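Here the structure comes first, spelled out in structure tokens, and everything after it is commentary.
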Amino acid sequence: MPRGDKSTYTDKQKRQARHIEQGYRQEGVPEKTAEQRAWATVNKLDGGGKKSGSGRARHH
């Protein structure tokens, strides 16, 4: 899977990233930078893509 591939992200994560990006864009952040920051934020919150089978099982 190439870097930047968003196929492992859930629909919820994609919506979150779009919403975060819109907020940055309203603050005047350039489009590419806003997108990068948005995905970095989603990764920080959730630890990356989480579709089933991605090997990110929950351990208790």
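By order in the structure tokens, chains are A, B, ...; within a chain, residues start at 1; ligands start at 1, following the order shown.
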Next on the checklist: Give me the residues near segment 7-19 of chain A as a list in words, where near means some atom within 9 Å (using only C-alpha atoms) and where sequence neighbours in that chain fewer than 4 positions away do not count.
Outcome noted: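 Close residues of segment 7-19 of chain A: Gly23, Tyr24, Glu35, Arg37, Ala38, Trp39, Ala40, Thr41, Val42, Asn43, Asp46, Gly48, Gly49, Lys50, Lys51, Ser52 and Ser54 of chain A.
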Next on the checklist: Between atom CA of Thr33 of chain A and atom CA of Ile20 of chain A, what distance in Å does the model show, to one decimal?
Outcome noted: 11.7 Å
Checklist entry - Contacts of Ala34 of chain A at 8 Å or less, counting only C-alpha atoms, minus same-chain residues fewer than 4 places along, as a PyMOL selection string? => result chain A and resi 21-22+24-25+29-30+38
With all heavy atoms retained, could you export that selection as a PDB file, in the first residue's frame?
ATOM      1  N   GLU A  21     -10.126  19.721   8.302  1.00  0.00           N
ATOM      2  CA  GLU A  21      -9.505  20.469   7.203  1.00  0.00           C
ATOM      3  C   GLU A  21     -10.274  21.753   6.912  1.00  0.00           C
ATOM      4  O   GLU A  21      -9.680  22.813   6.697  1.00  0.00           O
ATOM      5  CB  GLU A  21      -9.453  19.596   5.945  1.00  0.00           C
ATOM      6  CG  GLU A  21      -8.793  20.290   4.771  1.00  0.00           C
ATOM      7  CD  GLU A  21      -8.743  19.436   3.516  1.00  0.00           C
ATOM      8  OE1 GLU A  21      -9.060  18.239   3.592  1.00  0.00           O
ATOM      9  OE2 GLU A  21      -8.390  19.986   2.465  1.00  0.00           O
ATOM     10  N   GLN A  22     -11.601  21.683   6.923  1.00  0.00           N
ATOM     11  CA  GLN A  22     -12.412  22.882   6.671  1.00  0.00           C
ATOM     12  C   GLN A  22     -12.130  23.958   7.710  1.00  0.00           C
ATOM     13  O   GLN A  22     -12.063  25.144   7.393  1.00  0.00           O
ATOM     14  CB  GLN A  22     -13.902  22.528   6.664  1.00  0.00           C
ATOM     15  CG  GLN A  22     -14.338  21.763   5.443  1.00  0.00           C
ATOM     16  CD  GLN A  22     -15.782  21.286   5.540  1.00  0.00           C
ATOM     17  OE1 GLN A  22     -16.427  21.437   6.578  1.00  0.00           O
ATOM     18  NE2 GLN A  22     -16.275  20.698   4.472  1.00  0.00           N
ATOM     19  N   TYR A  24      -9.320  24.430   9.380  1.00  0.00           N
ATOM     20  CA  TYR A  24      -8.020  25.031   9.072  1.00  0.00           C
ATOM     21  C   TYR A  24      -8.134  25.976   7.880  1.00  0.00           C
ATOM     22  O   TYR A  24      -7.530  27.052   7.876  1.00  0.00           O
ATOM     23  CB  TYR A  24      -6.973  23.958   8.784  1.00  0.00           C
ATOM     24  CG  TYR A  24      -6.402  23.299  10.018  1.00  0.00           C
ATOM     25  CD1 TYR A  24      -6.407  21.920  10.150  1.00  0.00           C
ATOM     26  CD2 TYR A  24      -5.835  24.050  11.035  1.00  0.00           C
ATOM     27  CE1 TYR A  24      -5.872  21.305  11.273  1.00  0.00           C
ATOM     28  CE2 TYR A  24      -5.306  23.455  12.166  1.00  0.00           C
ATOM     29  CZ  TYR A  24      -5.323  22.072  12.278  1.00  0.00           C
ATOM     30  OH  TYR A  24      -4.790  21.475  13.390  1.00  0.00           O
ATOM     31  N   ARG A  25      -8.904  25.578   6.874  1.00  0.00           N
ATOM     32  CA  ARG A  25      -9.048  26.422   5.681  1.00  0.00           C
ATOM     33  C   ARG A  25      -9.713  27.755   6.038  1.00  0.00           C
ATOM     34  O   ARG A  25      -9.347  28.796   5.496  1.00  0.00           O
ATOM     35  CB  ARG A  25      -9.867  25.700   4.604  1.00  0.00           C
ATOM     36  CG  ARG A  25      -9.239  24.435   4.076  1.00  0.00           C
ATOM     37  CD  ARG A  25      -8.133  24.670   3.082  1.00  0.00           C
ATOM     38  NE  ARG A  25      -8.716  25.153   1.846  1.00  0.00           N
ATOM     39  CZ  ARG A  25      -8.166  26.104   1.095  1.00  0.00           C
ATOM     40  NH1 ARG A  25      -7.025  26.629   1.412  1.00  0.00           N
ATOM     41  NH2 ARG A  25      -8.755  26.503  -0.007  1.00  0.00           N
ATOM     42  N   VAL A  29      -5.283  28.671   6.343  1.00  0.00           N
ATOM     43  CA  VAL A  29      -4.177  27.734   6.105  1.00  0.00           C
ATOM     44  C   VAL A  29      -4.278  27.226   4.668  1.00  0.00           C
ATOM     45  O   VAL A  29      -5.370  26.913   4.202  1.00  0.00           O
ATOM     46  CB  VAL A  29      -4.253  26.556   7.110  1.00  0.00           C
ATOM     47  CG1 VAL A  29      -3.185  25.524   6.826  1.00  0.00           C
ATOM     48  CG2 VAL A  29      -4.150  27.075   8.535  1.00  0.00           C
ATOM     49  N   PRO A  30      -3.163  27.150   3.937  1.00  0.00           N
ATOM     50  CA  PRO A  30      -3.200  26.635   2.564  1.00  0.00           C
ATOM     51  C   PRO A  30      -3.796  25.231   2.504  1.00  0.00           C
ATOM     52  O   PRO A  30      -3.691  24.447   3.454  1.00  0.00           O
ATOM     53  CB  PRO A  30      -1.723  26.604   2.149  1.00  0.00           C
ATOM     54  CG  PRO A  30      -1.061  27.586   3.043  1.00  0.00           C
ATOM     55  CD  PRO A  30      -1.812  27.567   4.336  1.00  0.00           C
ATOM     56  N   ALA A  38      -4.962  17.903   9.080  1.00  0.00           N
ATOM     57  CA  ALA A  38      -6.198  17.191   9.407  1.00  0.00           C
ATOM     58  C   ALA A  38      -5.936  15.699   9.571  1.00  0.00           C
ATOM     59  O   ALA A  38      -6.373  15.083  10.550  1.00  0.00           O
ATOM     60  CB  ALA A  38      -7.247  17.436   8.326  1.00  0.00           C
TER      61      ALA A  38
END
